[in-house]
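What's in model37.pdb: PDB, C-alpha atoms and all ligand atoms
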ATOM      1  CA  MET A 139      69.091  96.462 102.606  1.00  0.00           C
ATOM      2  CA  THR A 140      71.597  93.615 102.484  1.00  0.00           C
ATOM      3  CA  THR A 141      70.835  90.452 104.388  1.00  0.00           C
ATOM      4  CA  LEU A 142      73.186  89.535 107.199  1.00  0.00           C
ATOM      5  CA  PRO A 143      75.343  86.462 106.629  1.00  0.00           C
ATOM      6  CA  LEU A 144      74.453  83.355 108.589  1.00  0.00           C
ATOM      7  CA  ILE A 145      76.432  82.429 111.649  1.00  0.00           C
ATOM      8  CA  PRO A 146      78.652  79.425 110.927  1.00  0.00           C
ATOM      9  CA  ASP A 147      77.493  76.456 112.982  1.00  0.00           C
ATOM     10  CA  ASN A 148      81.092  75.714 113.990  1.00  0.00           C
ATOM     11  CA  LEU A 149      82.078  79.176 115.207  1.00  0.00           C
ATOM     12  CA  PRO A 150      83.833  77.971 118.403  1.00  0.00           C
ATOM     13  CA  LEU A 151      85.884  75.553 116.273  1.00  0.00           C
ATOM     14  CA  ALA A 152      86.789  78.249 113.737  1.00  0.00           C
ATOM     15  CA  LEU A 153      87.838  80.526 116.612  1.00  0.00           C
ATOM     16  CA  ALA A 154      90.002  77.774 118.122  1.00  0.00           C
ATOM     17  CA  GLN A 155      91.648  77.166 114.742  1.00  0.00           C
ATOM     18  CA  VAL A 156      92.527  80.852 114.419  1.00  0.00           C
ATOM     19  CA  GLN A 157      93.960  80.843 117.953  1.00  0.00           C
ATOM     20  CA  GLN A 158      96.007  77.801 116.924  1.00  0.00           C
ATOM     21  CA  ARG A 159      97.333  79.575 113.807  1.00  0.00           C
ATOM     22  CA  ILE A 160      98.349  82.552 115.958  1.00  0.00           C
ATOM     23  CA  ALA A 161     100.050  80.335 118.552  1.00  0.00           C
ATOM     24  CA  GLN A 162     101.975  78.463 115.862  1.00  0.00           C
ATOM     25  CA  ALA A 163     103.108  81.590 114.026  1.00  0.00           C
ATOM     26  CA  THR A 164     104.116  83.226 117.312  1.00  0.00           C
ATOM     27  CA  ALA A 165     106.196  80.201 118.346  1.00  0.00           C
ATOM     28  CA  GLN A 166     107.754  79.945 114.887  1.00  0.00           C
ATOM     29  CA  ALA A 167     108.822  83.576 115.104  1.00  0.00           C
ATOM     30  CA  GLY A 168     110.440  82.894 118.488  1.00  0.00           C
ATOM     31  CA  ARG A 169     108.142  85.363 120.207  1.00  0.00           C
ATOM     32  CA  ALA A 170     106.502  85.083 123.654  1.00  0.00           C
ATOM     33  CA  PRO A 171     103.215  83.093 123.669  1.00  0.00           C
ATOM     34  CA  ASP A 172     101.215  86.193 124.684  1.00  0.00           C
ATOM     35  CA  ALA A 173     102.933  88.563 122.211  1.00  0.00           C
ATOM     36  CA  VAL A 174      99.977  88.700 119.812  1.00  0.00           C
ATOM     37  CA  ARG A 175      96.352  89.500 120.633  1.00  0.00           C
ATOM     38  CA  LEU A 176      93.370  88.435 118.561  1.00  0.00           C
ATOM     39  CA  LEU A 177      90.813  91.028 117.546  1.00  0.00           C
ATOM     40  CA  ALA A 178      87.695  89.284 116.186  1.00  0.00           C
ATOM     41  CA  VAL A 179      86.283  91.409 113.369  1.00  0.00           C
ATOM     42  CA  SER A 180      82.518  90.971 113.530  1.00  0.00           C
ATOM     43  CA  LYS A 181      81.481  93.574 110.931  1.00  0.00           C
ATOM     44  CA  THR A 182      78.351  92.550 108.977  1.00  0.00           C
ATOM     45  CA  PHE A 183      77.702  89.610 111.348  1.00  0.00           C
ATOM     46  CA  PRO A 184      74.788  89.673 113.799  1.00  0.00           C
ATOM     47  CA  ALA A 185      75.066  90.208 117.562  1.00  0.00           C
ATOM     48  CA  GLU A 186      74.297  86.507 117.972  1.00  0.00           C
ATOM     49  CA  ALA A 187      77.622  85.638 116.299  1.00  0.00           C
ATOM     50  CA  VAL A 188      79.479  87.980 118.677  1.00  0.00           C
ATOM     51  CA  ALA A 189      77.675  86.356 121.627  1.00  0.00           C
ATOM     52  CA  GLN A 190      78.814  82.916 120.471  1.00  0.00           C
ATOM     53  CA  ALA A 191      82.424  84.059 120.184  1.00  0.00           C
ATOM     54  CA  ALA A 192      82.192  85.796 123.584  1.00  0.00           C
ATOM     55  CA  ALA A 193      80.772  82.630 125.139  1.00  0.00           C
ATOM     56  CA  ALA A 194      83.809  80.808 123.714  1.00  0.00           C
ATOM     57  CA  GLY A 195      86.119  83.258 125.528  1.00  0.00           C
ATOM     58  CA  GLN A 196      86.839  85.928 122.912  1.00  0.00           C
ATOM     59  CA  ARG A 197      86.957  89.414 124.516  1.00  0.00           C
ATOM     60  CA  ALA A 198      88.056  91.940 121.848  1.00  0.00           C
ATOM     61  CA  PHE A 199      85.834  92.705 118.841  1.00  0.00           C
ATOM     62  CA  GLY A 200      86.382  94.969 115.835  1.00  0.00           C
ATOM     63  CA  GLU A 201      83.699  96.833 113.899  1.00  0.00           C
ATOM     64  CA  ASN A 202      84.039  98.991 110.775  1.00  0.00           C
ATOM     65  CA  TYR A 203      80.695 100.752 110.655  1.00  0.00           C
ATOM     66  CA  VAL A 204      79.922 102.964 113.637  1.00  0.00           C
ATOM     67  CA  GLN A 205      76.126 102.591 113.767  1.00  0.00           C
ATOM     68  CA  GLU A 206      76.252  98.837 113.302  1.00  0.00           C
ATOM     69  CA  GLY A 207      78.949  98.559 115.956  1.00  0.00           C
ATOM     70  CA  VAL A 208      77.072 100.678 118.511  1.00  0.00           C
ATOM     71  CA  ALA A 209      73.924  98.564 118.034  1.00  0.00           C
ATOM     72  CA  LYS A 210      75.917  95.376 118.745  1.00  0.00           C
ATOM     73  CA  ILE A 211      77.711  96.930 121.733  1.00  0.00           C
ATOM     74  CA  GLU A 212      74.325  97.774 123.267  1.00  0.00           C
ATOM     75  CA  THR A 213      72.774  94.386 122.471  1.00  0.00           C
ATOM     76  CA  LEU A 214      75.702  92.484 123.963  1.00  0.00           C
ATOM     77  CA  ARG A 215      75.696  94.658 127.076  1.00  0.00           C
ATOM     78  CA  GLU A 216      71.983  93.975 127.557  1.00  0.00           C
ATOM     79  CA  GLN A 217      72.786  90.271 127.309  1.00  0.00           C
ATOM     80  CA  GLY A 218      75.217  90.621 130.219  1.00  0.00           C
ATOM     81  CA  TYR A 219      78.498  90.783 128.252  1.00  0.00           C
ATOM     82  CA  THR A 220      79.868  93.803 130.104  1.00  0.00           C
ATOM     83  CA  ASP A 221      83.582  92.915 129.895  1.00  0.00           C
ATOM     84  CA  LEU A 222      84.062  93.013 126.118  1.00  0.00           C
ATOM     85  CA  GLU A 223      86.506  95.399 124.443  1.00  0.00           C
ATOM     86  CA  TRP A 224      85.270  97.204 121.307  1.00  0.00           C
ATOM     87  CA  HIS A 225      87.611  98.443 118.584  1.00  0.00           C
ATOM     88  CA  CYS A 226      86.548 100.737 115.750  1.00  0.00           C
ATOM     89  CA  ILE A 227      88.711  99.805 112.753  1.00  0.00           C
ATOM     90  CA  GLY A 228      86.978 101.501 109.812  1.00  0.00           C
ATOM     91  CA  PRO A 229      87.521 104.972 108.331  1.00  0.00           C
ATOM     92  CA  LEU A 230      85.907 107.601 110.565  1.00  0.00           C
ATOM     93  CA  GLN A 231      84.111 110.779 109.473  1.00  0.00           C
ATOM     94  CA  SER A 232      83.660 113.846 111.692  1.00  0.00           C
ATOM     95  CA  ARG A 233      79.923 113.352 112.111  1.00  0.00           C
ATOM     96  CA  LYS A 234      80.481 109.909 113.688  1.00  0.00           C
ATOM     97  CA  THR A 235      83.170 110.848 116.220  1.00  0.00           C
ATOM     98  CA  ALA A 236      80.770 111.437 119.138  1.00  0.00           C
ATOM     99  CA  GLN A 237      79.396 107.908 118.854  1.00  0.00           C
ATOM    100  CA  VAL A 238      82.869 106.397 118.746  1.00  0.00           C
ATOM    101  CA  ALA A 239      83.970 108.494 121.734  1.00  0.00           C
ATOM    102  CA  ALA A 240      80.913 107.409 123.724  1.00  0.00           C
ATOM    103  CA  HIS A 241      80.848 103.682 122.947  1.00  0.00           C
ATOM    104  CA  PHE A 242      84.202 102.285 121.797  1.00  0.00           C
ATOM    105  CA  ASP A 243      87.386 101.457 123.728  1.00  0.00           C
ATOM    106  CA  TRP A 244      89.803 101.702 120.789  1.00  0.00           C
ATOM    107  CA  LEU A 245      90.142 103.389 117.394  1.00  0.00           C
ATOM    108  CA  HIS A 246      92.679 101.839 114.961  1.00  0.00           C
ATOM    109  CA  SER A 247      92.101 104.094 111.978  1.00  0.00           C
ATOM    110  CA  LEU A 248      93.063 107.596 113.096  1.00  0.00           C
ATOM    111  CA  SER A 249      94.650 109.605 110.304  1.00  0.00           C
ATOM    112  CA  ARG A 250      93.551 113.209 110.946  1.00  0.00           C
ATOM    113  CA  LEU A 251      94.315 115.605 113.786  1.00  0.00           C
ATOM    114  CA  ASP A 252      90.896 117.336 113.608  1.00  0.00           C
ATOM    115  CA  ILE A 253      89.212 113.944 114.147  1.00  0.00           C
ATOM    116  CA  ALA A 254      91.534 113.286 117.100  1.00  0.00           C
ATOM    117  CA  GLU A 255      90.664 116.659 118.653  1.00  0.00           C
ATOM    118  CA  ARG A 256      86.945 115.984 118.325  1.00  0.00           C
ATOM    119  CA  LEU A 257      87.308 112.517 119.874  1.00  0.00           C
ATOM    120  CA  SER A 258      89.277 113.873 122.832  1.00  0.00           C
ATOM    121  CA  ARG A 259      86.714 116.619 123.417  1.00  0.00           C
ATOM    122  CA  GLN A 260      83.785 114.213 123.079  1.00  0.00           C
ATOM    123  CA  ARG A 261      85.187 111.373 125.201  1.00  0.00           C
ATOM    124  CA  PRO A 262      82.917 111.125 128.281  1.00  0.00           C
ATOM    125  CA  PRO A 263      84.986 112.047 131.387  1.00  0.00           C
ATOM    126  CA  ASP A 264      83.854 108.937 133.289  1.00  0.00           C
ATOM    127  CA  LEU A 265      85.464 106.656 130.683  1.00  0.00           C
ATOM    128  CA  PRO A 266      89.178 105.831 130.402  1.00  0.00           C
ATOM    129  CA  PRO A 267      90.993 107.554 127.511  1.00  0.00           C
ATOM    130  CA  LEU A 268      90.140 106.238 124.043  1.00  0.00           C
ATOM    131  CA  GLN A 269      93.004 103.956 122.943  1.00  0.00           C
ATOM    132  CA  ILE A 270      94.426 105.039 119.582  1.00  0.00           C
ATOM    133  CA  CYS A 271      96.400 103.570 116.708  1.00  0.00           C
ATOM    134  CA  LEU A 272      97.383 105.734 113.754  1.00  0.00           C
ATOM    135  CA  GLN A 273      96.537 104.154 110.429  1.00  0.00           C
ATOM    136  CA  VAL A 274      99.530 104.299 108.145  1.00  0.00           C
ATOM    137  CA  ASN A 275      99.378 103.689 104.398  1.00  0.00           C
ATOM    138  CA  MET A 276     102.786 102.019 104.063  1.00  0.00           C
ATOM    139  CA  ASP A 277     102.646 101.048 100.399  1.00  0.00           C
ATOM    140  CA  GLY A 278     100.731 104.037  99.046  1.00  0.00           C
ATOM    141  CA  GLY A 279      97.615 102.093  98.000  1.00  0.00           C
ATOM    142  CA  ALA A 280      95.262 104.584  96.338  1.00  0.00           C
ATOM    143  CA  ASN A 281      92.000 103.155  97.697  1.00  0.00           C
ATOM    144  CA  LYS A 282      92.722 103.085 101.393  1.00  0.00           C
ATOM    145  CA  SER A 283      92.928 105.606 104.180  1.00  0.00           C
ATOM    146  CA  GLY A 284      95.939 106.286 106.334  1.00  0.00           C
ATOM    147  CA  ILE A 285      98.740 108.789 106.604  1.00  0.00           C
ATOM    148  CA  ALA A 286     101.987 108.507 104.689  1.00  0.00           C
ATOM    149  CA  PRO A 287     104.803 107.049 106.846  1.00  0.00           C
ATOM    150  CA  GLU A 288     106.690 110.362 106.859  1.00  0.00           C
ATOM    151  CA  GLN A 289     103.665 112.125 108.403  1.00  0.00           C
ATOM    152  CA  ALA A 290     103.346 109.696 111.287  1.00  0.00           C
ATOM    153  CA  LEU A 291     105.726 111.352 113.769  1.00  0.00           C
ATOM    154  CA  GLU A 292     104.091 114.773 113.525  1.00  0.00           C
ATOM    155  CA  LEU A 293     100.569 113.377 113.961  1.00  0.00           C
ATOM    156  CA  ALA A 294     101.705 111.121 116.812  1.00  0.00           C
ATOM    157  CA  GLN A 295     103.273 114.055 118.671  1.00  0.00           C
ATOM    158  CA  ALA A 296     100.062 116.077 118.349  1.00  0.00           C
ATOM    159  CA  VAL A 297      97.811 113.180 119.407  1.00  0.00           C
ATOM    160  CA  CYS A 298      99.961 112.572 122.503  1.00  0.00           C
ATOM    161  CA  LYS A 299      99.003 115.992 123.813  1.00  0.00           C
ATOM    162  CA  LEU A 300      95.245 115.323 123.752  1.00  0.00           C
ATOM    163  CA  PRO A 301      94.022 114.554 127.280  1.00  0.00           C
ATOM    164  CA  HIS A 302      91.299 111.981 126.568  1.00  0.00           C
ATOM    165  CA  LEU A 303      93.209 109.890 124.028  1.00  0.00           C
ATOM    166  CA  GLN A 304      96.005 107.428 124.685  1.00  0.00           C
ATOM    167  CA  LEU A 305      98.309 106.701 121.764  1.00  0.00           C
ATOM    168  CA  ARG A 306      99.174 102.985 121.529  1.00  0.00           C
ATOM    169  CA  GLY A 307     100.723 102.414 118.114  1.00  0.00           C
ATOM    170  CA  LEU A 308     100.036 101.863 114.426  1.00  0.00           C
ATOM    171  CA  MET A 309      97.586 100.014 112.200  1.00  0.00           C
ATOM    172  CA  SER A 310      98.208  99.028 108.603  1.00  0.00           C
ATOM    173  CA  ILE A 311      96.572  97.104 105.752  1.00  0.00           C
ATOM    174  CA  PRO A 312      98.898  96.098 102.893  1.00  0.00           C
ATOM    175  CA  GLU A 313      97.548  95.948  99.349  1.00  0.00           C
ATOM    176  CA  PRO A 314      96.385  92.451  98.323  1.00  0.00           C
ATOM    177  CA  TYR A 315      99.637  91.198  96.717  1.00  0.00           C
ATOM    178  CA  ASP A 316      99.807  87.824  94.967  1.00  0.00           C
ATOM    179  CA  ASP A 317     103.348  87.344  96.252  1.00  0.00           C
ATOM    180  CA  PRO A 318     103.507  86.700 100.013  1.00  0.00           C
ATOM    181  CA  GLN A 319     107.079  88.078 100.021  1.00  0.00           C
ATOM    182  CA  GLN A 320     105.678  91.471  99.065  1.00  0.00           C
ATOM    183  CA  THR A 321     103.140  91.352 101.875  1.00  0.00           C
ATOM    184  CA  LEU A 322     105.904  90.355 104.286  1.00  0.00           C
ATOM    185  CA  ALA A 323     108.094  93.228 103.105  1.00  0.00           C
ATOM    186  CA  VAL A 324     105.321  95.764 103.777  1.00  0.00           C
ATOM    187  CA  HIS A 325     104.671  94.274 107.222  1.00  0.00           C
ATOM    188  CA  ARG A 326     108.396  94.449 108.007  1.00  0.00           C
ATOM    189  CA  ALA A 327     108.598  98.072 106.907  1.00  0.00           C
ATOM    190  CA  THR A 328     105.633  98.841 109.157  1.00  0.00           C
ATOM    191  CA  ARG A 329     107.357  97.180 112.121  1.00  0.00           C
ATOM    192  CA  THR A 330     110.492  99.235 111.469  1.00  0.00           C
ATOM    193  CA  LEU A 331     108.447 102.444 111.415  1.00  0.00           C
ATOM    194  CA  PHE A 332     106.686 101.353 114.618  1.00  0.00           C
ATOM    195  CA  ASP A 333     110.058 100.799 116.345  1.00  0.00           C
ATOM    196  CA  ASP A 334     111.524 104.082 115.080  1.00  0.00           C
ATOM    197  CA  LEU A 335     108.504 106.063 116.257  1.00  0.00           C
ATOM    198  CA  GLY A 336     108.570 104.247 119.591  1.00  0.00           C
ATOM    199  CA  ALA A 337     112.177 105.310 120.108  1.00  0.00           C
ATOM    200  CA  GLN A 338     111.406 108.938 119.233  1.00  0.00           C
ATOM    201  CA  LEU A 339     108.162 109.264 121.173  1.00  0.00           C
ATOM    202  CA  ALA A 340     109.309 107.365 124.293  1.00  0.00           C
ATOM    203  CA  LEU A 341     105.755 106.587 125.442  1.00  0.00           C
ATOM    204  CA  PRO A 342     105.419 103.716 127.932  1.00  0.00           C
ATOM    205  CA  GLN A 343     102.145 102.574 126.378  1.00  0.00           C
ATOM    206  CA  TRP A 344     103.397 102.523 122.760  1.00  0.00           C
ATOM    207  CA  ASN A 345     103.010  98.753 122.382  1.00  0.00           C
ATOM    208  CA  THR A 346     100.423  97.973 119.713  1.00  0.00           C
ATOM    209  CA  LEU A 347     101.071  97.145 116.090  1.00  0.00           C
ATOM    210  CA  SER A 348      97.729  96.214 114.525  1.00  0.00           C
ATOM    211  CA  MET A 349      98.427  94.254 111.342  1.00  0.00           C
ATOM    212  CA  GLY A 350      97.458  90.946 109.783  1.00  0.00           C
ATOM    213  CA  MET A 351      94.051  89.597 108.762  1.00  0.00           C
ATOM    214  CA  SER A 352      92.588  86.173 107.921  1.00  0.00           C
ATOM    215  CA  HIS A 353      94.825  85.580 104.896  1.00  0.00           C
ATOM    216  CA  ASP A 354      98.131  87.051 106.098  1.00  0.00           C
ATOM    217  CA  LEU A 355      98.220  86.771 109.890  1.00  0.00           C
ATOM    218  CA  GLU A 356     101.250  84.427 109.828  1.00  0.00           C
ATOM    219  CA  LEU A 357     103.250  86.923 107.732  1.00  0.00           C
ATOM    220  CA  ALA A 358     102.232  89.787 110.017  1.00  0.00           C
ATOM    221  CA  ILE A 359     103.234  87.863 113.147  1.00  0.00           C
ATOM    222  CA  ALA A 360     106.579  86.927 111.566  1.00  0.00           C
ATOM    223  CA  ALA A 361     107.168  90.639 110.947  1.00  0.00           C
ATOM    224  CA  GLY A 362     106.253  91.686 114.500  1.00  0.00           C
ATOM    225  CA  SER A 363     102.517  92.359 114.674  1.00  0.00           C
ATOM    226  CA  THR A 364     101.102  92.514 118.203  1.00  0.00           C
ATOM    227  CA  MET A 365      97.405  92.416 117.247  1.00  0.00           C
ATOM    228  CA  VAL A 366      95.799  90.600 114.328  1.00  0.00           C
ATOM    229  CA  ARG A 367      92.339  91.591 113.083  1.00  0.00           C
ATOM    230  CA  VAL A 368      90.557  88.460 111.918  1.00  0.00           C
ATOM    231  CA  GLY A 369      87.052  88.353 110.449  1.00  0.00           C
ATOM    232  CA  SER A 370      86.215  85.748 107.817  1.00  0.00           C
ATOM    233  CA  ALA A 371      88.391  82.973 109.279  1.00  0.00           C
ATOM    234  CA  ILE A 372      86.223  83.144 112.436  1.00  0.00           C
ATOM    235  CA  PHE A 373      82.791  84.258 111.268  1.00  0.00           C
ATOM    236  CA  GLY A 374      82.743  82.983 107.668  1.00  0.00           C
ATOM    237  CA  ALA A 375      82.551  84.733 104.309  1.00  0.00           C
ATOM    238  CA  ARG A 376      80.866  88.141 104.267  1.00  0.00           C
ATOM    239  CA  GLY A 377      78.983  87.422 101.052  1.00  0.00           C
TER     240      GLY A 377
HETATM  241  C1  LIG A 401      87.262  93.491 107.426  1.00  0.00           C
HETATM  242  C2  LIG A 401      88.531  93.914 108.038  1.00  0.00           C
HETATM  243  C3  LIG A 401      89.382  92.991 108.669  1.00  0.00           C
HETATM  244  C4  LIG A 401      89.135  91.500 108.689  1.00  0.00           C
HETATM  245  O1  LIG A 401      89.353  90.956 107.418  1.00  0.00           O
HETATM  246  P1  LIG A 401      89.268  89.372 107.157  1.00  0.00           P
HETATM  247  O2  LIG A 401      89.931  89.205 105.835  1.00  0.00           O
HETATM  248  O3  LIG A 401      87.812  89.030 107.123  1.00  0.00           O
HETATM  249  O4  LIG A 401      89.975  88.696 108.250  1.00  0.00           O
HETATM  250  C5  LIG A 401      90.538  93.489 109.282  1.00  0.00           C
HETATM  251  N1  LIG A 401      90.825  94.797 109.281  1.00  0.00           N
HETATM  252  C6  LIG A 401      90.043  95.708 108.682  1.00  0.00           C
HETATM  253  C7  LIG A 401      90.430  97.145 108.724  1.00  0.00           C
HETATM  254  C8  LIG A 401      88.874  95.295 108.038  1.00  0.00           C
HETATM  255  O5  LIG A 401      88.118  96.208 107.429  1.00  0.00           O
END

Can I see the file as structure tokens?
Amino acid sequence: MTTLPLIPDNLPLALAQVQQRIAQATAQAGRAPDAVRLLAVSKTFPAEAVAQAAAAGQRAFGENYVQEGVAKIETLREQGYTDLEWHCIGPLQSRKTAQVAAHFDWLHSLSRLDIAERLSRQRPPDLPPLQICLQVNMDGGANKSGIAPEQALELAQAVCKLPHLQLRGLMSIPEPYDDPQQTLAVHRATRTLFDDLGAQLALPQWNTLSMGMSHDLELAIAAGSTMVRVGSAIFGARG
């Protein structure tokens, strides 16, 4: 059993600083002020930390581990936070799909059609479709999930046909390069793939490119990210 990290005592300030970084990078890239959304990645942090961020106005939260995420979703709902948006961003195994379908609003890490079919089948009919990004492994990193770029169109076309999923775009995580130019190049390649797929799929809701984290959000925004997933810069080090 690992102990949960402490909540930073300046969480609202850290959140405001991240919002400031996003605003600056967005302006510098000549993009519209609302072009990039912030997903606060609360994995490993307690529900109390999420509540503090929610009280400071943050609405969208990302979790990697299904059980941990579901526990926080329920705790926050009991505390009256009924308008939060929950994104599952970690690799997903078949035996966890029912929980994701029942509790989350988004999944960023889809890379298998059989998982997509299960999610669509298991999505409760009273909920809106589960919002989906395909995870793409742009630079071929051996230790991460995601489909190869050349498989993306085929998977996207199959996912589009599933009634209880709504395909929104792509998610990617570049390898941790020392050279920021390399990170930028991978982000740019991901944006190009996102645009190419958008043109081929012609889906009105294809509008989400989930890329950029605490250390590289400026590079991701420069390359055309529409959603950055930020954990440690808001909640502190994960220990
Ligand atoms: C943990 C995690 C993040 C957040 O990373 P930070 O470096 O803490 O900002 C973003 N995306 C994914 C998929 C993660 O697992």

Neighbour list for Gln269 of chain A as a PyMOL selection string, cut-off 10 Å, all atoms listed in the file, skip fewer than 6 positions in-chain: chain A and resi 225+242-246+302-307+343

Within-10 Å residues of ligand LIG 401 (chain A), basis all atoms listed in the file, as a ChimeraX atom specification: /A:177-182,200-203,226-229,246-247,273,282-283,309-311,348-355,366-376

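Atom CA of Ile359 of chain A is found 20.3 Å from atom CA of Ile270 of chain A.
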
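Take atom CA of Arg329 of chain A and atom CA of Leu308 of chain A: the distance between them is 9.0 Å.
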
Residue members of the PyMOL selection byres (((chain A and resi 150) around 8) and not hetatm) in the file shown, as a ChimeraX atom specification: /A:148-149,151-154,190-191,194

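In this comparison, which uses all atoms listed in the file, the residue of A:Ala192, A:Ala340, A:Ala296, A:Gly278 approaching Val324 of chain A most closely is A:Gly278.
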
Glu356 of chain A environment, 12 Å, all atoms listed in the file, sequence neighbours closer than 2 positions dropped, as a VMD selection string: chain A and resid 156 to 167 174 318 to 319 321 to 322 325 349 to 354 358 to 368

Residues near Arg233 of chain A, cut-off 12 Å, only C-alpha atoms, skip fewer than 6 positions along chain, as a list of chain:residue names: A:Val204, A:Gln205, A:Ala239, A:Asp252, A:Ile253, A:Arg256, A:Leu257, A:Gln260

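For the pair atom CA of Asp147 of chain A and atom CA of Gly377 of chain A, the separation is 16.3 Å.
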
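Once the PyMOL selection byres (((chain A and resi 341) around 12) and not hetatm) is applied to the depicted file, the selected set reads Ala294, Gln295, Val297, Cys298, Lys299, Gln304, Leu305, Arg306, Gly307, Asp333, Leu335, Gly336, Ala337, Gln338, Leu339, Ala340, Pro342, Gln343, Trp344, Asn345 and Thr346 of chain A.
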
Matched chain/residue IDs from the PyMOL selection byres (((chain A and resi 211-223) around 7) and not hetatm), as a ChimeraX atom specification: /A:185,189,197-199,207-210,224-225,243

Build an axis-aligned box that encloses every atom of segment 159-177 of chain A listed in the file, pad it by 5 Å on each side, and report its centre and edge lengths in Å to one decimal, as JSON.
{"center_x": 100.6, "center_y": 84.7, "center_z": 119.2, "size_x": 29.6, "size_y": 22.6, "size_z": 20.9}

Counting only C-alpha atoms, the option among A:Leu230, A:Ala286, A:Ala280, A:Leu300 closest to Pro267 of chain A: A:Leu300

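If you measure from each of A:Ala327, A:Ala236, A:Met276, A:Ala290 to Arg259 of chain A using only C-alpha atoms, the closest one turns out to be A:Ala236.
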
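Across A:Gln237, A:Gln289, A:Asn275, A:Asn281, the tightest approach to Leu251 of chain A is made by A:Gln289 when counting all atoms listed in the file.
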